[in-house]
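Take a look at the structure set out below.
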Amino acid sequence: MKEIDIPIEASVDRNRTNPLARVFDELVRFCRSRSMFMLHYCTGCGAIELPPAMTSRFDMERLGIQPMVTPRQADILLITGYVSIKTLKRVILTYEQMGSPKYVIGICSCTVNGGMYWQSYATAKQLDQYLPVDLYIAGCMPRPEAVLEGMRKLMDRIRSGEADGWKDYYRRYDWYLGNQQHLFGDDWQTPADVIGEASHYDLAGPGTEGEHTRLLQQCQKPLEPQQTFFQIGGSLEVKGESHE
Amino acid sequence: MRPENYQAISHPPSNEYELNFGPNHPGIEGNYALKVKLHGDVVVAARADGGYLHRGFEKLMEGRLWIQNIALVPRICVPDPVPMEVCYSMAVEALNDMEVPERAQWLRVLQLELSRIAAHLFTFGGHAATTGMYTTMYWGVADRDQILDLFEEWTGGRVYHIYNIPGGVRRDIPAGFLDRVSHTMDYIESRLPDYDNLFFTNQVFVDRARDTGPMNQQQALEWGVTGPNLRATGLAFDVRRDDPYLVYDQIDFDIPTEAPGDAWARTLVRRQELKQSIHIVRQVVEKLPSVSGPVRTRIPNPLAWNVPPGETYTRVESSKGELGYYVVSDGGDKPHRVHVRGPSSMHAVQVLEQLAVGARLEDVAQIMFSLDACPPEVDR
């Protein structure tokens, strides 16, 4: 156990031995908190309050927050409301494509505990079982002021280094993957190499690999081209979309 | 996936390829996806891929009390929630043979029309954004906020109001509210020439939207198109006039139509409906002080409210088209079955699949916004 703990401690220690590293870290965190690109993915009803928050009246841009269309360049993943199981698959795919550091904000009550849809068969109830959530903005739905206040909280947390949910995803990947497999089935896989990234960032810990990653390794199959959707006379079903 | 499992995939050389359009795409309206097959940049075939917003509303409503469902229904269509509340309340009232006080009916009309204005401002703002004119979107969202401020003062909620309940409305308007409504109407009407100059007569918009996604009247009727999209093909059908509900038979308004049935016509119909809605709101503001009385009838204990058995279908004209509720009661305290006839499920699935064929890829988003489809209502 002690041997596995070493990488995390080592990464912290290495930063501290260099006298400039602390100053440099402060500077980097300051810059990160002042230019956040927000992924343009409207997952639920809370998205209706984002246009007022982004446009002229409340103007999120003055805080340095801008919508961004691709996950690769985005810093924040906003989960605006309930996530159905079909959406959650896409959300996890999107999250794993984003470059670190990345932050997840859960907007609306539905991401906290299921909200209005606590008894629905189609939605995932607690978002933080599947993704590390840095900040929740509760309400149904939160007003644009609340969204802006949440963003400012996130900026503070980034500056102080508290918003490190993305590290948690690498450190406890096995637990997150287990929950995902429980929901989507044992053959759930994504194209991202999370274990490889974890060792790249020196974040691989005892919780990174475990029984669920071994199951992932067993069930892994090569990526195949999707079934042609428009084949005439063929089946019109979408492959790989089976919900439990 | 670990790197050792990667394998190169070879494709046969071809001009045709398939593309996932959405759900994470700035051109798509909400959380909705299309799978398109392209030849060059021309769409050969399109298939709607919904279900990202499915919450199982119709099943959820069977498990909740009649009065609890009022909080649930506005979530079905997020940009235009008021018609949902009104239509569901009307269905429960029809099952109960309940009379709604006249003042409550006028208040409902006022709320429906304000919601329509807000939804239309949002929609053609979105349509403008897909043609690259972001200023119109900024203006539309900002002007919509004026209406949301009115709603906030009136009901306490910006987007979801939960204001209409079976038997009437929850409370009366605050003092001096009608003055502020007419002030806001004056403001929005004064903005319309600006919108015309910026967007509706803009050559960029006219060139791009003309002959994009056209449908004729017969196709529209076959595909179940309603609302502004049907009126854009030249047929003046409006539930408000042809099957009047509430007090719409006492209100004077025109039904704007356009003949071509393309994206340009559909958005232009919305532009003219905006003016009609402002006209209706003005009439309600004028009429409301002379209508006195209670704003709701007495309902039984809502926690033990057994609605008489029966079935009913009520419909209203929402900003997207005809919205209907088919409600069956078996005499219990919960609905036996609720079916929502949402207009967008026709517009965003079968109509969009047909209209996208032959269009260029960059026009697909425009066609979707011109149809004013509302993804949460498609998936429900």
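In the structure tokens, each chain is lettered A, B, ... as it comes, each chain's residues begin at 1, and ligands are numbered from 1 in order of appearance.
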Neighbours of stretch 50-62 of chain A within 10 Å (only C-alpha atoms; same-chain residues fewer than 3 positions away dropped), as an MDAnalysis selection string? (chainID A and resid 34:37 40 42 45:47 65:67 80 142:148 151) or (chainID B and resid 122 135 137:145)
Kindly export the residues of the current selection with C-alpha atoms, as a PDB file, in the first residue's frame.
ATOM      1  CA  ARG A  34      -9.719  34.003 -15.554  1.00  0.00           C
ATOM      2  CA  SER A  35     -10.192  32.325 -18.918  1.00  0.00           C
ATOM      3  CA  MET A  36     -12.650  29.507 -18.751  1.00  0.00           C
ATOM      4  CA  PHE A  37     -14.156  28.006 -21.860  1.00  0.00           C
ATOM      5  CA  HIS A  40     -21.673  24.221 -25.286  1.00  0.00           C
ATOM      6  CA  CYS A  42     -27.198  21.713 -23.147  1.00  0.00           C
ATOM      7  CA  CYS A  45     -33.868  22.409 -18.939  1.00  0.00           C
ATOM      8  CA  GLY A  46     -31.323  24.537 -17.070  1.00  0.00           C
ATOM      9  CA  ALA A  47     -29.829  25.422 -20.437  1.00  0.00           C
ATOM     10  CA  ILE A  65     -16.239  32.748 -19.560  1.00  0.00           C
ATOM     11  CA  GLN A  66     -17.107  31.933 -23.130  1.00  0.00           C
ATOM     12  CA  PRO A  67     -18.986  29.121 -24.786  1.00  0.00           C
ATOM     13  CA  THR A  80     -27.602  21.761 -17.026  1.00  0.00           C
ATOM     14  CA  PRO A 142     -31.164  28.532 -10.926  1.00  0.00           C
ATOM     15  CA  ARG A 143     -31.461  32.131 -12.048  1.00  0.00           C
ATOM     16  CA  PRO A 144     -28.707  33.640 -14.206  1.00  0.00           C
ATOM     17  CA  GLU A 145     -27.424  35.476 -11.142  1.00  0.00           C
ATOM     18  CA  ALA A 146     -27.075  32.143  -9.367  1.00  0.00           C
ATOM     19  CA  VAL A 147     -25.205  30.720 -12.347  1.00  0.00           C
ATOM     20  CA  LEU A 148     -22.833  33.687 -12.313  1.00  0.00           C
ATOM     21  CA  MET A 151     -19.037  30.573 -11.687  1.00  0.00           C
TER      22      MET A 151
ATOM     23  CA  PHE B 122     -36.185  33.309 -28.514  1.00  0.00           C
ATOM     24  CA  THR B 135     -26.769  40.427 -32.834  1.00  0.00           C
ATOM     25  CA  MET B 137     -29.958  36.608 -30.908  1.00  0.00           C
ATOM     26  CA  TYR B 138     -28.507  38.963 -28.309  1.00  0.00           C
ATOM     27  CA  TRP B 139     -31.390  41.361 -28.821  1.00  0.00           C
ATOM     28  CA  GLY B 140     -33.995  38.636 -28.799  1.00  0.00           C
ATOM     29  CA  VAL B 141     -32.730  37.121 -25.554  1.00  0.00           C
ATOM     30  CA  ALA B 142     -32.493  40.535 -23.913  1.00  0.00           C
ATOM     31  CA  ASP B 143     -36.029  41.493 -24.947  1.00  0.00           C
ATOM     32  CA  ARG B 144     -37.335  38.129 -23.822  1.00  0.00           C
ATOM     33  CA  ASP B 145     -35.922  38.906 -20.418  1.00  0.00           C
TER      34      ASP B 145
END
Distance table requested - chain A against chain B, cut-off 9 Å, only C-alpha atoms: one row per qualifying residue with the closest atom pair and its distance in Å to one decimal, ordered by chain and rising residue number, as a Markdown table.
| residue | atom | partner | partner_atom | distance |
| --- | --- | --- | --- | --- |
| A:Leu39 | CA | B:Asn24 | CA | 8.8 |
| A:His40 | CA | B:Pro26 | CA | 6.6 |
| A:Tyr41 | CA | B:Asn24 | CA | 5.1 |
| A:Cys42 | CA | B:Asn31 | CA | 5.8 |
| A:Thr43 | CA | B:Asn31 | CA | 5.6 |
| A:Gly44 | CA | B:Leu53 | CA | 6.8 |
| A:Cys45 | CA | B:Val78 | CA | 6.1 |
| A:Gly46 | CA | B:Val78 | CA | 8.9 |
| A:Ala47 | CA | B:Gly30 | CA | 8.0 |
| A:Ile48 | CA | B:Pro79 | CA | 7.0 |
| A:Glu49 | CA | B:Val159 | CA | 8.4 |
| A:Pro51 | CA | B:Val141 | CA | 6.8 |
| A:Pro52 | CA | B:Val141 | CA | 6.1 |
| A:Thr55 | CA | B:Tyr138 | CA | 5.7 |
| A:Ser56 | CA | B:Tyr138 | CA | 6.4 |
| A:Arg57 | CA | B:Ala142 | CA | 6.2 |
| A:Met68 | CA | B:Pro26 | CA | 8.8 |
| A:Val69 | CA | B:Pro26 | CA | 6.3 |
| A:Thr70 | CA | B:His25 | CA | 8.3 |
| A:Tyr82 | CA | B:Leu53 | CA | 8.2 |
| A:Val83 | CA | B:Leu53 | CA | 7.4 |
| A:Ser84 | CA | B:Leu53 | CA | 6.1 |
| A:Ile85 | CA | B:Tyr52 | CA | 7.8 |
| A:Lys86 | CA | B:Tyr52 | CA | 5.6 |
| A:Thr87 | CA | B:Tyr52 | CA | 5.1 |
| A:Leu88 | CA | B:Tyr52 | CA | 8.7 |
| A:Arg90 | CA | B:Pro23 | CA | 8.4 |
| A:Thr94 | CA | B:Asn24 | CA | 8.8 |
| A:Met116 | CA | B:Leu72 | CA | 7.4 |
| A:Tyr117 | CA | B:Arg55 | CA | 7.2 |
| A:Gln119 | CA | B:Leu60 | CA | 7.2 |
| A:Ser120 | CA | B:Arg55 | CA | 6.1 |
| A:Tyr121 | CA | B:Gly56 | CA | 7.1 |
| A:Ala122 | CA | B:Arg55 | CA | 5.3 |
| A:Thr123 | CA | B:Arg55 | CA | 6.3 |
| A:Cys140 | CA | B:Tyr160 | CA | 8.5 |
| A:Met141 | CA | B:Val159 | CA | 8.0 |
| A:Arg143 | CA | B:Arg158 | CA | 7.9 |
| A:Gln189 | CA | B:Met1 | CA | 6.8 |
| A:Thr190 | CA | B:Met1 | CA | 6.1 |
| A:Pro191 | CA | B:Met1 | CA | 5.1 |
| A:Ala192 | CA | B:Met1 | CA | 5.5 |
| A:Asp193 | CA | B:Met1 | CA | 4.7 |
| A:Val194 | CA | B:Met1 | CA | 7.5 |
| A:Ile195 | CA | B:Arg2 | CA | 7.8 |
| A:Gly196 | CA | B:Arg2 | CA | 7.3 |
| A:Leu216 | CA | B:Met1 | CA | 8.3 |
| A:Gln217 | CA | B:Met1 | CA | 8.0 |
| A:Gln220 | CA | B:Met1 | CA | 7.3 |
| A:Lys221 | CA | B:Asn5 | CA | 7.3 |
| A:Pro222 | CA | B:Asn5 | CA | 5.9 |
| A:Leu223 | CA | B:Gln7 | CA | 7.2 |
| A:Glu224 | CA | B:Ile9 | CA | 7.3 |
| A:Pro225 | CA | B:Ile9 | CA | 7.2 |
| A:Thr228 | CA | B:Glu18 | CA | 8.4 |
| A:Phe229 | CA | B:Lys35 | CA | 8.1 |
| A:Phe230 | CA | B:Ala45 | CA | 7.5 |
Coordinates-based distance that separates atom CA of B:Gln111 from atom CA of B:Asn69 (Å, one decimal): 19.2 Å
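The nearest approach to B:Pro309 among the residues B:Leu19, B:Arg231, B:Trp223, B:Asn96, with only C-alpha atoms taken into account, belongs to B:Asn96.
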B:Asp207: which residues within 12 Å, counting only C-alpha atoms, same-chain residues fewer than 6 positions away excluded, as a PyMOL selection string? chain B and resi 131+199-201+262-264+363
So that I can see what lies close to B:Gly324, please list as number ranges by chain the residues with an atom at most 12 Å from it, counting only C-alpha atoms and leaving out residues fewer than 3 positions away in the same chain. B: 83-91, 226, 239, 312-318, 320-321, 327, 338-344
Tell me, which residues of stretch 32-222 of chain A carry DSSP helix (DSSP H, G or I), written as a ChimeraX atom specification? /A:32-34,45-54,60-63,71-73,85-97,109-113,115-117,127-129,144-160,165-171,173-184,194-200,211-219
Filtering to C-alpha atoms, could you give me those residues as a short mmCIF file (atom, residue, chain, number, x, y, z; two decimals), in the first residue's frame?
data_model
loop_
_atom_site.label_atom_id
_atom_site.label_comp_id
_atom_site.auth_asym_id
_atom_site.auth_seq_id
_atom_site.Cartn_x
_atom_site.Cartn_y
_atom_site.Cartn_z
CA ARG A 32 -6.84 29.37 -15.50
CA SER A 33 -9.50 30.93 -13.32
CA ARG A 34 -9.72 34.00 -15.55
CA CYS A 45 -33.87 22.41 -18.94
CA GLY A 46 -31.32 24.54 -17.07
CA ALA A 47 -29.83 25.42 -20.44
CA ILE A 48 -32.65 27.89 -20.99
CA GLU A 49 -31.14 30.23 -18.39
CA LEU A 50 -27.73 30.15 -20.04
CA PRO A 51 -28.51 32.41 -23.02
CA PRO A 52 -29.58 35.25 -20.68
CA ALA A 53 -26.49 34.61 -18.57
CA MET A 54 -24.22 34.65 -21.60
CA MET A 60 -20.77 36.07 -18.45
CA GLU A 61 -18.01 37.14 -20.80
CA ARG A 62 -16.83 39.85 -18.42
CA LEU A 63 -15.70 37.05 -16.11
CA PRO A 71 -14.69 19.43 -25.84
CA ARG A 72 -10.97 19.42 -26.62
CA GLN A 73 -10.63 23.14 -26.00
CA ILE A 85 -29.04 7.47 -19.35
CA LYS A 86 -28.56 8.01 -23.06
CA THR A 87 -27.22 11.50 -22.44
CA LEU A 88 -25.00 10.35 -19.59
CA LYS A 89 -23.08 8.11 -21.98
CA ARG A 90 -22.34 11.10 -24.19
CA VAL A 91 -21.50 13.25 -21.20
CA ILE A 92 -18.90 10.76 -19.98
CA LEU A 93 -17.47 10.43 -23.49
CA THR A 94 -17.28 14.20 -23.70
CA TYR A 95 -15.74 14.55 -20.27
CA GLU A 96 -12.99 12.08 -21.04
CA GLN A 97 -12.16 13.92 -24.26
CA SER A 109 -31.53 20.03 -8.42
CA CYS A 110 -31.80 17.10 -10.79
CA THR A 111 -28.04 16.63 -10.86
CA VAL A 112 -27.90 16.58 -7.06
CA ASN A 113 -30.54 14.01 -6.20
CA GLY A 115 -34.99 16.50 -8.46
CA MET A 116 -38.44 16.33 -9.97
CA TYR A 117 -37.62 13.08 -11.70
CA LEU A 127 -24.33 12.85 -11.11
CA ASP A 128 -21.35 12.62 -8.76
CA GLN A 129 -21.46 8.85 -8.89
CA PRO A 144 -28.71 33.64 -14.21
CA GLU A 145 -27.42 35.48 -11.14
CA ALA A 146 -27.07 32.14 -9.37
CA VAL A 147 -25.20 30.72 -12.35
CA LEU A 148 -22.83 33.69 -12.31
CA GLU A 149 -22.36 33.38 -8.56
CA GLY A 150 -21.56 29.71 -9.01
CA MET A 151 -19.04 30.57 -11.69
CA ARG A 152 -17.36 33.06 -9.36
CA LYS A 153 -17.22 30.41 -6.65
CA LEU A 154 -15.57 28.09 -9.12
CA MET A 155 -13.05 30.78 -10.03
CA ASP A 156 -12.15 31.18 -6.36
CA ARG A 157 -11.82 27.45 -5.94
CA ILE A 158 -9.60 27.18 -8.99
CA ARG A 159 -7.37 29.95 -7.67
CA SER A 160 -7.02 28.30 -4.31
CA GLY A 165 -12.31 16.94 -9.20
CA TRP A 166 -10.45 15.88 -12.32
CA LYS A 167 -7.67 14.50 -10.14
CA ASP A 168 -10.24 12.55 -8.21
CA TYR A 169 -11.45 10.94 -11.43
CA TYR A 170 -7.95 9.61 -12.11
CA ARG A 171 -7.33 8.60 -8.51
CA TYR A 173 -11.27 5.76 -11.64
CA ASP A 174 -12.15 2.23 -10.60
CA TRP A 175 -15.05 3.41 -8.45
CA TYR A 176 -16.43 5.73 -11.12
CA LEU A 177 -16.06 3.04 -13.73
CA GLY A 178 -17.85 0.58 -11.48
CA ASN A 179 -20.84 2.87 -11.19
CA GLN A 180 -20.83 3.43 -14.94
CA GLN A 181 -20.68 -0.30 -15.58
CA HIS A 182 -23.52 -0.83 -13.14
CA LEU A 183 -25.68 1.55 -15.16
CA PHE A 184 -24.61 0.81 -18.72
CA VAL A 194 -7.91 6.99 -18.60
CA ILE A 195 -5.35 4.75 -16.89
CA GLY A 196 -2.64 5.93 -19.26
CA GLU A 197 -3.57 9.55 -18.59
CA ALA A 198 -3.54 8.95 -14.86
CA SER A 199 0.04 7.75 -14.97
CA HIS A 200 0.90 10.63 -17.29
CA GLU A 211 -11.79 -5.12 -10.38
CA HIS A 212 -13.79 -2.83 -12.64
CA THR A 213 -10.83 -1.84 -14.80
CA ARG A 214 -9.98 -5.52 -15.08
CA LEU A 215 -13.51 -6.15 -16.25
CA LEU A 216 -13.09 -3.32 -18.75
CA GLN A 217 -9.91 -4.94 -19.99
CA GLN A 218 -11.67 -8.28 -20.40
CA CYS A 219 -14.67 -6.87 -22.24
#
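Taking atom CA of B:Ile70 and atom CA of B:Glu58 as endpoints, the distance between them is 12.9 Å.
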